[in-house]
Amino acid sequence: MIALLVLAAVPAALVLSLLTAIVVAVRGYTAATPAVVGPPPAGLGARTVAVPCGTHALAGWFAPGRPGGGAVLLLHGIRSDRRVLASRMAMLARRGAAVLAVDLRAHGESGGASVTLGLREAEDVAACLAWLRHQCPGERVGGLGISLGGAALALASRTAPVDALVLESVFAAIDGAIRNRMALVAGAAAPWLTPLFTAVGMGMTGLHPADLRPIEALRAYPGPVLVIGGGADPLTPPSETRALCDAAPGDRQLWIVEGAGHVDMASFAGSDYEGRVAAFLALHLGQMIPCA
């Protein structure tokens with residue numbers, strides 16, 4: 001009798017352990033990651049700024065450009081901050097573009113209690129674009145976002161479009177993003193764990209998969225898009241990067257960086273990254289100084 005009770009308790013204990021692990025993972029993934037960022041990169045004439053957005057402020061660096069050079073909003077990925085954008089900021093500022101690099105909500109030195117996987121971050125994008133346009137009247141404005149930042153840019157394009165988009169390592173839909181991550185940690189169990197993780201995660205956060213589909217937002221964006229992904233990225237595989245690019249109805253370019261995973265493309269691809277991205281933005285935003 002005791003043995004039967006013990007056996008009956010094993011599945012319940014496993015389920016409880018599994019649910020606990022999922023709750024911990026969701027909390028960790030959506031928790032705020034504050035950090036002291038510090039001053040902007042030297043030599044760019046940049047300053048630290050605070051962009052108001054609802055009940056919180058977004059901390060950023062702003063480098064004013066020259067007239068006609070265009071303006072670009074730079075956004076980092078999850079659990080990161082604007083420091084990873086320093087080389088991109090320098091690359092564009094050297095060419096005369098005005099550049100705003102910010103910490104998304106709940107990251108770095110910005111306010112906000114939790115990460116919403118792009119949904120509320122799209123509000124950050126809208127606030128930053130309004131601020132940037134106020135600082136740079138008459139300039140064409142572009143956006144460059146990495147992973148979470150790119151998803152926020154794509155989602156925001158429905159109400160706050162830009163004149164050109166660069167999307168790096170951006171998931172097409174949250175369903176696939178969860179599935180790909182579960183495959184890495186759960187292996188063969190991923191197909192049945194993914195729906196459970198999704199249901200628990202969405203229940204905890206109040207988010208809905210239908211609201212987190214950058215690919216659907218991109219279908220309505222008529223402007224030019226450069227979509228970049230790693231050829232060896234297990235989190236956003238090339239097939240999803242291609243699908244994201246194919247969804248754009250306007251001028252679109254695809255760059256699969258061979259050998260790259262879910263990594264910093266600017267560091268991985270070096271001068272090739274600088275040449276491609278700067279040339280794309282210069283073509284669509286203004287008279288930037290040509291790449292060397």
# chains A, B, ... in the order shown; residues from 1 in each chain; ligands from 1

$ residues_around --residues "A:Leu75" --least-positions-apart "3" --cutoff "10 Å" --atoms "only C-alpha atoms" --output "list in words"
Val72, Ile78, Ser80, Asp81, Arg82, Val84, Leu85, Leu100, Ala101, Val102, Asp103, Leu104, Val125, Gly143, Leu144, Gly145, Ile146, Ser147, Leu148, Gly149, Gly150, Ala151, Ala152, Leu153 and Leu167 of chain A

$ closest_atom_pairs --of "stretch 237-257 of chain A" --to "stretch 192-215 of chain A" --cutoff "9 Å" --atoms "only C-alpha atoms" --output "tab-separated table"
residue	atom	partner	partner_atom	distance
A:Ala243	CA	A:Ile215	CA	7.8
A:Leu244	CA	A:Ile215	CA	5.4
A:Cys245	CA	A:Ile215	CA	8.4
A:Ala247	CA	A:Ile215	CA	6.3
A:Ala248	CA	A:Ile215	CA	8.2

$ select_by_dssp --residues "stretch 34-127 of chain A" --states "alpha helix (DSSP H)" --output "count of residues only"
15

$ atom_distance --atom1 "atom CA of A:Pro191" --atom2 "atom CA of A:Ile22"
15.0 Å

$ atom_distance --atom1 "atom CA of A:Leu73" --atom2 "atom CA of A:Met288"
15.4 Å

$ residues_around --residues "stretch 231-238 of chain A" --least-positions-apart "4" --cutoff "10 Å" --atoms "only C-alpha atoms" --output "MDAnalysis selection string"
chainID A and resid 147 168:172 176:184 242:244 255:263

$ select_by_dssp --residues "stretch 14-226 of chain A" --states "strand (DSSP E)" --output "ChimeraX atom specification"
/A:33-34,47-53,56-63,71-75,98-102,107-108,141-146,164-168,225-226

$ closest_residue --among "A:Ala13, A:Pro161, A:Ala32, A:Trp61" --to "A:Thr116" --atoms "only C-alpha atoms"
A:Ala32

$ closest_residue --among "A:Leu58, A:Ala278, A:Leu16, A:Ala188" --to "A:Ala127" --atoms "only C-alpha atoms"
A:Leu58

$ residues_around --residues "A:Ala50" --least-positions-apart "5" --cutoff "8 Å" --atoms "only C-alpha atoms" --output "list in words"
Ala57, Leu58, Ala59 and Gly60 of chain A

$ write_last_selection --atoms "N, CA, C and O atoms" --output "PDB file, in the first residue's frame"
ATOM      1  N   ALA A  57      11.386  56.544 -17.484  1.00  0.00           N
ATOM      2  CA  ALA A  57      12.276  57.216 -18.427  1.00  0.00           C
ATOM      3  C   ALA A  57      13.263  56.198 -18.984  1.00  0.00           C
ATOM      4  O   ALA A  57      13.649  55.245 -18.303  1.00  0.00           O
ATOM      5  N   LEU A  58      13.650  56.420 -20.228  1.00  0.00           N
ATOM      6  CA  LEU A  58      14.620  55.558 -20.893  1.00  0.00           C
ATOM      7  C   LEU A  58      15.955  56.272 -20.946  1.00  0.00           C
ATOM      8  O   LEU A  58      16.059  57.386 -21.475  1.00  0.00           O
ATOM      9  N   ALA A  59      16.976  55.651 -20.388  1.00  0.00           N
ATOM     10  CA  ALA A  59      18.315  56.238 -20.395  1.00  0.00           C
ATOM     11  C   ALA A  59      18.979  55.974 -21.743  1.00  0.00           C
ATOM     12  O   ALA A  59      18.837  54.886 -22.318  1.00  0.00           O
ATOM     13  N   GLY A  60      19.698  56.966 -22.231  1.00  0.00           N
ATOM     14  CA  GLY A  60      20.327  56.788 -23.531  1.00  0.00           C
ATOM     15  C   GLY A  60      21.524  57.677 -23.753  1.00  0.00           C
ATOM     16  O   GLY A  60      21.872  58.514 -22.915  1.00  0.00           O
TER      17      GLY A  60
END

$ decode --residues "stretch 172-276 of chain A" --atoms "C-alpha atoms" --output "PDB file, in the first residue's frame"
ATOM      1  CA  ALA A 172       9.493  35.845 -36.357  1.00  0.00           C
ATOM      2  CA  ALA A 173       6.939  34.862 -33.700  1.00  0.00           C
ATOM      3  CA  ILE A 174       7.170  34.165 -29.972  1.00  0.00           C
ATOM      4  CA  ASP A 175       5.871  30.623 -30.467  1.00  0.00           C
ATOM      5  CA  GLY A 176       8.907  29.714 -32.536  1.00  0.00           C
ATOM      6  CA  ALA A 177      11.263  31.570 -30.204  1.00  0.00           C
ATOM      7  CA  ILE A 178      10.034  29.490 -27.254  1.00  0.00           C
ATOM      8  CA  ARG A 179      10.143  26.259 -29.264  1.00  0.00           C
ATOM      9  CA  ASN A 180      13.725  26.863 -30.373  1.00  0.00           C
ATOM     10  CA  ARG A 181      14.904  27.608 -26.845  1.00  0.00           C
ATOM     11  CA  MET A 182      13.110  24.605 -25.412  1.00  0.00           C
ATOM     12  CA  ALA A 183      14.773  22.386 -28.019  1.00  0.00           C
ATOM     13  CA  LEU A 184      18.176  23.424 -26.692  1.00  0.00           C
ATOM     14  CA  VAL A 185      17.411  22.605 -23.065  1.00  0.00           C
ATOM     15  CA  ALA A 186      14.846  19.805 -23.331  1.00  0.00           C
ATOM     16  CA  GLY A 187      15.864  17.926 -26.460  1.00  0.00           C
ATOM     17  CA  ALA A 188      13.341  15.259 -27.428  1.00  0.00           C
ATOM     18  CA  ALA A 189      10.936  16.441 -24.722  1.00  0.00           C
ATOM     19  CA  ALA A 190      10.643  19.906 -26.288  1.00  0.00           C
ATOM     20  CA  PRO A 191       7.521  19.219 -28.426  1.00  0.00           C
ATOM     21  CA  TRP A 192       5.351  18.486 -25.375  1.00  0.00           C
ATOM     22  CA  LEU A 193       7.104  20.858 -22.973  1.00  0.00           C
ATOM     23  CA  THR A 194       6.783  23.869 -25.278  1.00  0.00           C
ATOM     24  CA  PRO A 195       2.968  24.225 -25.000  1.00  0.00           C
ATOM     25  CA  LEU A 196       3.213  23.875 -21.210  1.00  0.00           C
ATOM     26  CA  PHE A 197       5.974  26.463 -20.970  1.00  0.00           C
ATOM     27  CA  THR A 198       4.030  28.805 -23.259  1.00  0.00           C
ATOM     28  CA  ALA A 199       0.793  28.442 -21.298  1.00  0.00           C
ATOM     29  CA  VAL A 200       2.462  29.002 -17.927  1.00  0.00           C
ATOM     30  CA  GLY A 201       4.614  31.848 -19.214  1.00  0.00           C
ATOM     31  CA  MET A 202       1.779  33.671 -20.909  1.00  0.00           C
ATOM     32  CA  GLY A 203      -0.422  33.180 -17.856  1.00  0.00           C
ATOM     33  CA  MET A 204       2.220  34.642 -15.565  1.00  0.00           C
ATOM     34  CA  THR A 205       3.002  37.648 -17.743  1.00  0.00           C
ATOM     35  CA  GLY A 206      -0.402  38.397 -19.225  1.00  0.00           C
ATOM     36  CA  LEU A 207       1.146  38.381 -22.688  1.00  0.00           C
ATOM     37  CA  HIS A 208      -0.480  36.713 -25.682  1.00  0.00           C
ATOM     38  CA  PRO A 209       1.366  34.974 -28.539  1.00  0.00           C
ATOM     39  CA  ALA A 210      -0.805  36.771 -31.104  1.00  0.00           C
ATOM     40  CA  ASP A 211       0.609  40.102 -29.895  1.00  0.00           C
ATOM     41  CA  LEU A 212       4.214  38.966 -30.249  1.00  0.00           C
ATOM     42  CA  ARG A 213       4.531  38.217 -33.958  1.00  0.00           C
ATOM     43  CA  PRO A 214       7.007  40.620 -35.589  1.00  0.00           C
ATOM     44  CA  ILE A 215       6.496  38.806 -38.882  1.00  0.00           C
ATOM     45  CA  GLU A 216       2.854  39.915 -38.986  1.00  0.00           C
ATOM     46  CA  ALA A 217       3.748  43.516 -38.190  1.00  0.00           C
ATOM     47  CA  LEU A 218       6.382  43.477 -40.921  1.00  0.00           C
ATOM     48  CA  ARG A 219       3.806  42.421 -43.517  1.00  0.00           C
ATOM     49  CA  ALA A 220       2.247  45.875 -43.188  1.00  0.00           C
ATOM     50  CA  TYR A 221       5.516  47.835 -43.215  1.00  0.00           C
ATOM     51  CA  PRO A 222       6.086  49.351 -46.674  1.00  0.00           C
ATOM     52  CA  GLY A 223       9.582  50.721 -46.115  1.00  0.00           C
ATOM     53  CA  PRO A 224      12.999  49.221 -46.850  1.00  0.00           C
ATOM     54  CA  VAL A 225      14.238  46.443 -44.560  1.00  0.00           C
ATOM     55  CA  LEU A 226      17.614  44.774 -44.052  1.00  0.00           C
ATOM     56  CA  VAL A 227      17.191  41.479 -42.174  1.00  0.00           C
ATOM     57  CA  ILE A 228      20.324  39.903 -40.709  1.00  0.00           C
ATOM     58  CA  GLY A 229      20.643  36.479 -39.112  1.00  0.00           C
ATOM     59  CA  GLY A 230      23.276  33.949 -38.208  1.00  0.00           C
ATOM     60  CA  GLY A 231      23.754  30.911 -40.396  1.00  0.00           C
ATOM     61  CA  ALA A 232      24.363  28.812 -37.249  1.00  0.00           C
ATOM     62  CA  ASP A 233      21.855  30.487 -34.935  1.00  0.00           C
ATOM     63  CA  PRO A 234      19.829  27.873 -33.014  1.00  0.00           C
ATOM     64  CA  LEU A 235      17.551  30.491 -31.413  1.00  0.00           C
ATOM     65  CA  THR A 236      16.569  32.253 -34.638  1.00  0.00           C
ATOM     66  CA  PRO A 237      17.481  29.796 -37.401  1.00  0.00           C
ATOM     67  CA  PRO A 238      18.045  30.932 -40.992  1.00  0.00           C
ATOM     68  CA  SER A 239      14.650  29.583 -42.096  1.00  0.00           C
ATOM     69  CA  GLU A 240      12.908  31.992 -39.708  1.00  0.00           C
ATOM     70  CA  THR A 241      15.166  34.864 -40.700  1.00  0.00           C
ATOM     71  CA  ARG A 242      14.300  34.244 -44.347  1.00  0.00           C
ATOM     72  CA  ALA A 243      10.590  34.075 -43.541  1.00  0.00           C
ATOM     73  CA  LEU A 244      10.823  37.388 -41.694  1.00  0.00           C
ATOM     74  CA  CYS A 245      12.519  39.016 -44.663  1.00  0.00           C
ATOM     75  CA  ASP A 246      10.053  37.522 -47.160  1.00  0.00           C
ATOM     76  CA  ALA A 247       7.157  38.995 -45.178  1.00  0.00           C
ATOM     77  CA  ALA A 248       8.244  42.573 -45.926  1.00  0.00           C
ATOM     78  CA  PRO A 249       6.290  43.886 -48.936  1.00  0.00           C
ATOM     79  CA  GLY A 250       8.726  46.661 -49.869  1.00  0.00           C
ATOM     80  CA  ASP A 251      12.427  46.863 -50.674  1.00  0.00           C
ATOM     81  CA  ARG A 252      14.026  44.081 -48.654  1.00  0.00           C
ATOM     82  CA  GLN A 253      17.509  42.684 -48.262  1.00  0.00           C
ATOM     83  CA  LEU A 254      18.567  39.466 -46.547  1.00  0.00           C
ATOM     84  CA  TRP A 255      21.991  38.765 -45.100  1.00  0.00           C
ATOM     85  CA  ILE A 256      22.687  35.368 -43.550  1.00  0.00           C
ATOM     86  CA  VAL A 257      26.048  35.636 -41.810  1.00  0.00           C
ATOM     87  CA  GLU A 258      27.639  32.248 -42.317  1.00  0.00           C
ATOM     88  CA  GLY A 259      29.005  30.641 -39.166  1.00  0.00           C
ATOM     89  CA  ALA A 260      27.373  33.160 -36.842  1.00  0.00           C
ATOM     90  CA  GLY A 261      25.126  32.103 -33.980  1.00  0.00           C
ATOM     91  CA  HIS A 262      22.929  34.332 -31.839  1.00  0.00           C
ATOM     92  CA  VAL A 263      25.862  36.688 -31.392  1.00  0.00           C
ATOM     93  CA  ASP A 264      26.884  40.313 -31.864  1.00  0.00           C
ATOM     94  CA  MET A 265      26.905  40.547 -35.650  1.00  0.00           C
ATOM     95  CA  ALA A 266      28.960  43.739 -35.668  1.00  0.00           C
ATOM     96  CA  SER A 267      31.782  42.015 -33.800  1.00  0.00           C
ATOM     97  CA  PHE A 268      31.465  38.743 -35.695  1.00  0.00           C
ATOM     98  CA  ALA A 269      31.334  40.169 -39.225  1.00  0.00           C
ATOM     99  CA  GLY A 270      33.608  43.185 -38.656  1.00  0.00           C
ATOM    100  CA  SER A 271      34.184  45.418 -41.667  1.00  0.00           C
ATOM    101  CA  ASP A 272      31.652  43.467 -43.728  1.00  0.00           C
ATOM    102  CA  TYR A 273      28.959  44.435 -41.218  1.00  0.00           C
ATOM    103  CA  GLU A 274      30.007  48.072 -41.301  1.00  0.00           C
ATOM    104  CA  GLY A 275      30.001  48.198 -45.076  1.00  0.00           C
ATOM    105  CA  ARG A 276      26.604  46.548 -45.540  1.00  0.00           C
TER     106      ARG A 276
END
